[in-house]
Amino acid sequence: MKKSIIILFAVTASISAFSQKAELLPYADFEQWAVRYIKESGIIGGNTVTLYAVAPTDTLSENKPFKYGTKGNIWGVSNAYAKVSGVEKGSNTLSPEYRDEKNGYCCRLDSRMETVTALGIIDIRVLISGTLYTGRSIEPIRTQKDPYQNIDFGVEFNKCPKALMFDYKAKISPENTIVIAKGMGKPKKAEGHAEAQVLMVLQKRWEDEKGNIYAERVGTAFERYSKDQNEWVNGHEVPIFYGDMTGTELYRRYGHYMGLCLPMRAMNSKGKIVPVQEVGWAPKGTQPTHMIINIASGYHEAFVGYDGNSFWVDNVKLVY
């Protein structure tokens with residue numbers, strides 16, 4: 001009898017594992033990259049910097065905006081070409097890194113201080129967390145004051161997966177100190193802990209006649225990484241919760257970072273970037289229209305974090 005129960009358990013587990021399907025998202029094995037060479041303005045040194053984009057393999061050597069969203073690519077990145085008051089600069093906080101012979105390349109995200117100093121007149125320092133997201137950046141960046149005004153968050157999507165899956169490792173400082181560096185002036189330190197974060201949001205969106213974009217929240221996946229993970233964790237799953245999350249322990253702890261009305265923008269039918277106004281939680285069973293995945297080496301607001309944190313990710317999939 002005992003042997004029969006063990007066999008039945010093994011067969012049931014095998015069927016369950018076999019019935020689960022994981023689909024790799026476009027370009028999410030990180031084997032293809034576009035390499036961009038940006039010549040910075042002479043007033044800030046005139047260096048040539050290398051920027052990377054998760055995209056079809058290409059090499060670009062001109063100071064031109066990158067065209068995200070081509071050839072089925074769904075990914076935007078925190079790397080950017082900026083042209084502020086005529087001064088051209090490149091910023092790179094995300095790059096490919098060779099993992100091993102079996103897995104090839106992965107995506108590395110770094111939190112790093114970017115500086116612009118010129119003739120003692122211009123002194124700009126901003127803390128940027130490496131970020132990979134579904135959507136696109138509209139270049140060139142014209143100002144550091146509102147980092148979201150150039151981002152079209154989300155891609156069209158109408159399925160209901162049960163989990164987000166990926167491989168990862170992390171380097172997270174144990175210090176309870178964060179840096180606030182939002183532009184002009186000396187960066188400030190404050191109490192807090194900088195952690196890596198993964199957020200996935202499924203929305204049902206619509207647009208009114210004035211071009212305002214509204215959405216209901218269909219599904220949410222969320223996880224934080226607060227300490228070093230030196231060895232790769234393969235096939236890690238973050239479950240997607242459908243419907244109203246406000247009664248869950250996860251929401252009670254992290255609701256400010258995963259709840260409604262996150263600072264996300266999208267391009268409307270008139271070609272203008274506008275806020276996505278989440279108006280409520282969609283009933284379970286609602287079909288989404290858009291998917292946002294945001295993977296970052298830091299979770300604080302823009303230009304706040306810890307200089308030196310890193311997060312590696314590979315093989316991003318959806319589990320059904």
# chains A, B, ... in the order shown; residues from 1 in each chain; ligands from 1
>>> closest_atom_pairs(of="range 278-305 of chain A", to="range 239-253 of chain A", cutoff="8 Å", atoms="only C-alpha atoms", output="Markdown table")
| residue | atom | partner | partner_atom | distance |
| --- | --- | --- | --- | --- |
| A:Trp281 | CA | A:Asp244 | CA | 5.2 |
| A:Ala282 | CA | A:Gly243 | CA | 5.7 |
| A:Pro283 | CA | A:Gly243 | CA | 5.4 |
| A:Lys284 | CA | A:Gly243 | CA | 5.0 |
>>> write_last_selection(atoms="N, CA, C and O atoms", output="JSON list (two decimals), in the first residue's frame")
[["chain", "number", "residue", "atom", "x", "y", "z"],
["A", 281, "TRP", "N", -9.18, 47.87, -9.26],
["A", 281, "TRP", "CA", -8.76, 46.49, -9.46],
["A", 281, "TRP", "C", -9.79, 45.78, -10.33],
["A", 281, "TRP", "O", -10.98, 45.79, -10.03],
["A", 282, "ALA", "N", -9.34, 45.18, -11.41],
["A", 282, "ALA", "CA", -10.26, 44.47, -12.30],
["A", 282, "ALA", "C", -10.72, 43.17, -11.66],
["A", 282, "ALA", "O", -9.95, 42.51, -10.95],
["A", 283, "PRO", "N", -11.97, 42.76, -11.89],
["A", 283, "PRO", "CA", -12.44, 41.48, -11.36],
["A", 283, "PRO", "C", -11.61, 40.33, -11.93],
["A", 283, "PRO", "O", -11.11, 40.40, -13.05],
["A", 284, "LYS", "N", -11.47, 39.27, -11.15],
["A", 284, "LYS", "CA", -10.77, 38.10, -11.64],
["A", 284, "LYS", "C", -11.45, 37.58, -12.91],
["A", 284, "LYS", "O", -12.68, 37.56, -12.99]]
>>> select_by_dssp(residues="range 43-179 of chain A", states="helix (DSSP H, G or I)", output="JSON, numbers by chain")
{"A": [43, 44, 147, 148, 149, 150]}
>>> select_by_dssp(residues="range 60-302 of chain A", states="strand (DSSP E)", output="number ranges by chain")
A: 60, 75-77, 80-84, 87-91, 94-100, 104-118, 122-129, 131-137, 151-153, 155-156, 163-171, 177-180, 182-184, 188-191, 196-207, 213-225, 229-239, 241-242, 265-267, 273-281, 290-296
>>> closest_residue(among="A:Met291, A:Ala296, A:Leu164, A:Val304", to="Pro187 in chain A", atoms="only C-alpha atoms")
A:Val304
>>> residues_around(residues="Ile138 in chain A", least_positions_apart="5", cutoff="9 Å", atoms="only C-alpha atoms", output="ChimeraX atom specification")
/A:65-68,149-152
>>> write_last_selection(atoms="N, CA and C atoms", output="mmCIF file, in the first residue's frame")
data_model
loop_
_atom_site.group_PDB
_atom_site.id
_atom_site.type_symbol
_atom_site.label_atom_id
_atom_site.label_comp_id
_atom_site.auth_asym_id
_atom_site.auth_seq_id
_atom_site.Cartn_x
_atom_site.Cartn_y
_atom_site.Cartn_z
ATOM 1 N N PRO A 65 18.725 59.229 -31.816
ATOM 2 C CA PRO A 65 17.815 58.469 -30.959
ATOM 3 C C PRO A 65 17.727 57.020 -31.423
ATOM 4 N N PHE A 66 17.655 56.112 -30.459
ATOM 5 C CA PHE A 66 17.513 54.696 -30.769
ATOM 6 C C PHE A 66 16.036 54.374 -30.968
ATOM 7 N N LYS A 67 15.741 53.561 -31.962
ATOM 8 C CA LYS A 67 14.354 53.186 -32.245
ATOM 9 C C LYS A 67 14.017 51.889 -31.516
ATOM 10 N N TYR A 68 13.381 52.047 -30.369
ATOM 11 C CA TYR A 68 12.930 50.887 -29.608
ATOM 12 C C TYR A 68 11.655 50.316 -30.221
ATOM 13 N N GLN A 149 8.827 61.238 -18.277
ATOM 14 C CA GLN A 149 8.149 61.888 -19.388
ATOM 15 C C GLN A 149 8.631 61.373 -20.751
ATOM 16 N N ASN A 150 9.724 60.628 -20.765
ATOM 17 C CA ASN A 150 10.243 60.070 -22.014
ATOM 18 C C ASN A 150 10.029 58.566 -22.127
ATOM 19 N N ILE A 151 9.211 57.975 -21.247
ATOM 20 C CA ILE A 151 9.060 56.525 -21.248
ATOM 21 C C ILE A 151 7.631 56.115 -21.571
ATOM 22 N N ASP A 152 7.506 55.242 -22.554
ATOM 23 C CA ASP A 152 6.227 54.643 -22.935
ATOM 24 C C ASP A 152 6.199 53.243 -22.321
#
>>> residues_around(residues="Glu139 in chain A", least_positions_apart="2", cutoff="12 Å", atoms="only C-alpha atoms", output="number ranges by chain")
A: 63-68, 76-84, 88-90, 136-137, 141-143, 147-152
>>> closest_residue(among="A:Leu318, A:Val201, A:Ala196, A:Leu24", to="Phe153 in chain A", atoms="only C-alpha atoms")
A:Val201
>>> atom_distance(atom1="CA of Arg125 in chain A", atom2="CA of Gly183 in chain A")
4.9 Å
>>> closest_residue(among="A:Asn103, A:Asn230, A:Gln203, A:Ser310", to="His290 in chain A", atoms="only C-alpha atoms")
A:Gln203
>>> closest_residue(among="A:Gln197, A:Thr220, A:Thr131, A:Gln32", to="Glu97 in chain A", atoms="only C-alpha atoms")
A:Gln32
>>> residues_around(residues="Asp208 in chain A", least_positions_apart="3", cutoff="12 Å", atoms="only C-alpha atoms", output="ChimeraX atom specification")
/A:205,211-215,268-270,276-277
>>> write_last_selection(atoms="N, CA, C and O atoms", output="tab-separated table (two decimals), in the first residue's frame")
chain	number	residue	atom	x	y	z
A	205	ARG	N	-6.45	48.63	-20.43
A	205	ARG	CA	-6.39	50.07	-20.69
A	205	ARG	C	-7.47	50.53	-21.67
A	205	ARG	O	-7.94	49.77	-22.50
A	211	GLY	N	-7.56	61.97	-25.06
A	211	GLY	CA	-6.23	61.35	-25.06
A	211	GLY	C	-5.77	60.89	-23.70
A	211	GLY	O	-4.62	60.43	-23.57
A	212	ASN	N	-6.61	61.00	-22.67
A	212	ASN	CA	-6.25	60.48	-21.35
A	212	ASN	C	-6.31	58.95	-21.37
A	212	ASN	O	-7.24	58.36	-21.94
A	213	ILE	N	-5.33	58.31	-20.72
A	213	ILE	CA	-5.28	56.84	-20.67
A	213	ILE	C	-5.65	56.39	-19.26
A	213	ILE	O	-5.10	56.87	-18.26
A	214	TYR	N	-6.61	55.46	-19.20
A	214	TYR	CA	-7.05	54.89	-17.94
A	214	TYR	C	-6.80	53.38	-17.97
A	214	TYR	O	-6.63	52.78	-19.04
A	215	ALA	N	-6.78	52.78	-16.78
A	215	ALA	CA	-6.54	51.34	-16.72
A	215	ALA	C	-7.14	50.75	-15.46
A	215	ALA	O	-7.25	51.42	-14.42
A	268	ASN	N	-0.25	58.03	-25.99
A	268	ASN	CA	-1.63	57.90	-26.44
A	268	ASN	C	-1.73	57.91	-27.96
A	268	ASN	O	-0.71	57.99	-28.66
A	269	SER	N	-2.94	57.84	-28.47
A	269	SER	CA	-3.16	57.76	-29.92
A	269	SER	C	-2.79	59.06	-30.63
A	269	SER	O	-2.67	59.09	-31.85
A	270	LYS	N	-2.59	60.12	-29.86
A	270	LYS	CA	-2.20	61.42	-30.44
A	270	LYS	C	-0.69	61.61	-30.46
A	270	LYS	O	-0.19	62.67	-30.82
A	276	VAL	N	-0.63	57.00	-17.02
A	276	VAL	CA	-1.59	55.90	-17.05
A	276	VAL	C	-2.33	55.95	-15.71
A	276	VAL	O	-1.73	55.68	-14.66
A	277	GLN	N	-3.59	56.28	-15.73
A	277	GLN	CA	-4.37	56.47	-14.51
A	277	GLN	C	-5.12	55.18	-14.16
A	277	GLN	O	-6.12	54.86	-14.79
>>> atom_distance(atom1="CA of Lys227 in chain A", atom2="CA of Asn92 in chain A")
23.7 Å
>>> closest_residue(among="A:Met165, A:Ile172, A:Val233, A:Val279", to="Arg217 in chain A", atoms="only C-alpha atoms")
A:Val279
>>> atom_distance(atom1="CA of Asn176 in chain A", atom2="CA of Arg112 in chain A")
17.1 Å
>>> closest_residue(among="A:Asp146, A:Tyr168, A:His300, A:Asn315", to="Trp232 in chain A", atoms="only C-alpha atoms")
A:Tyr168
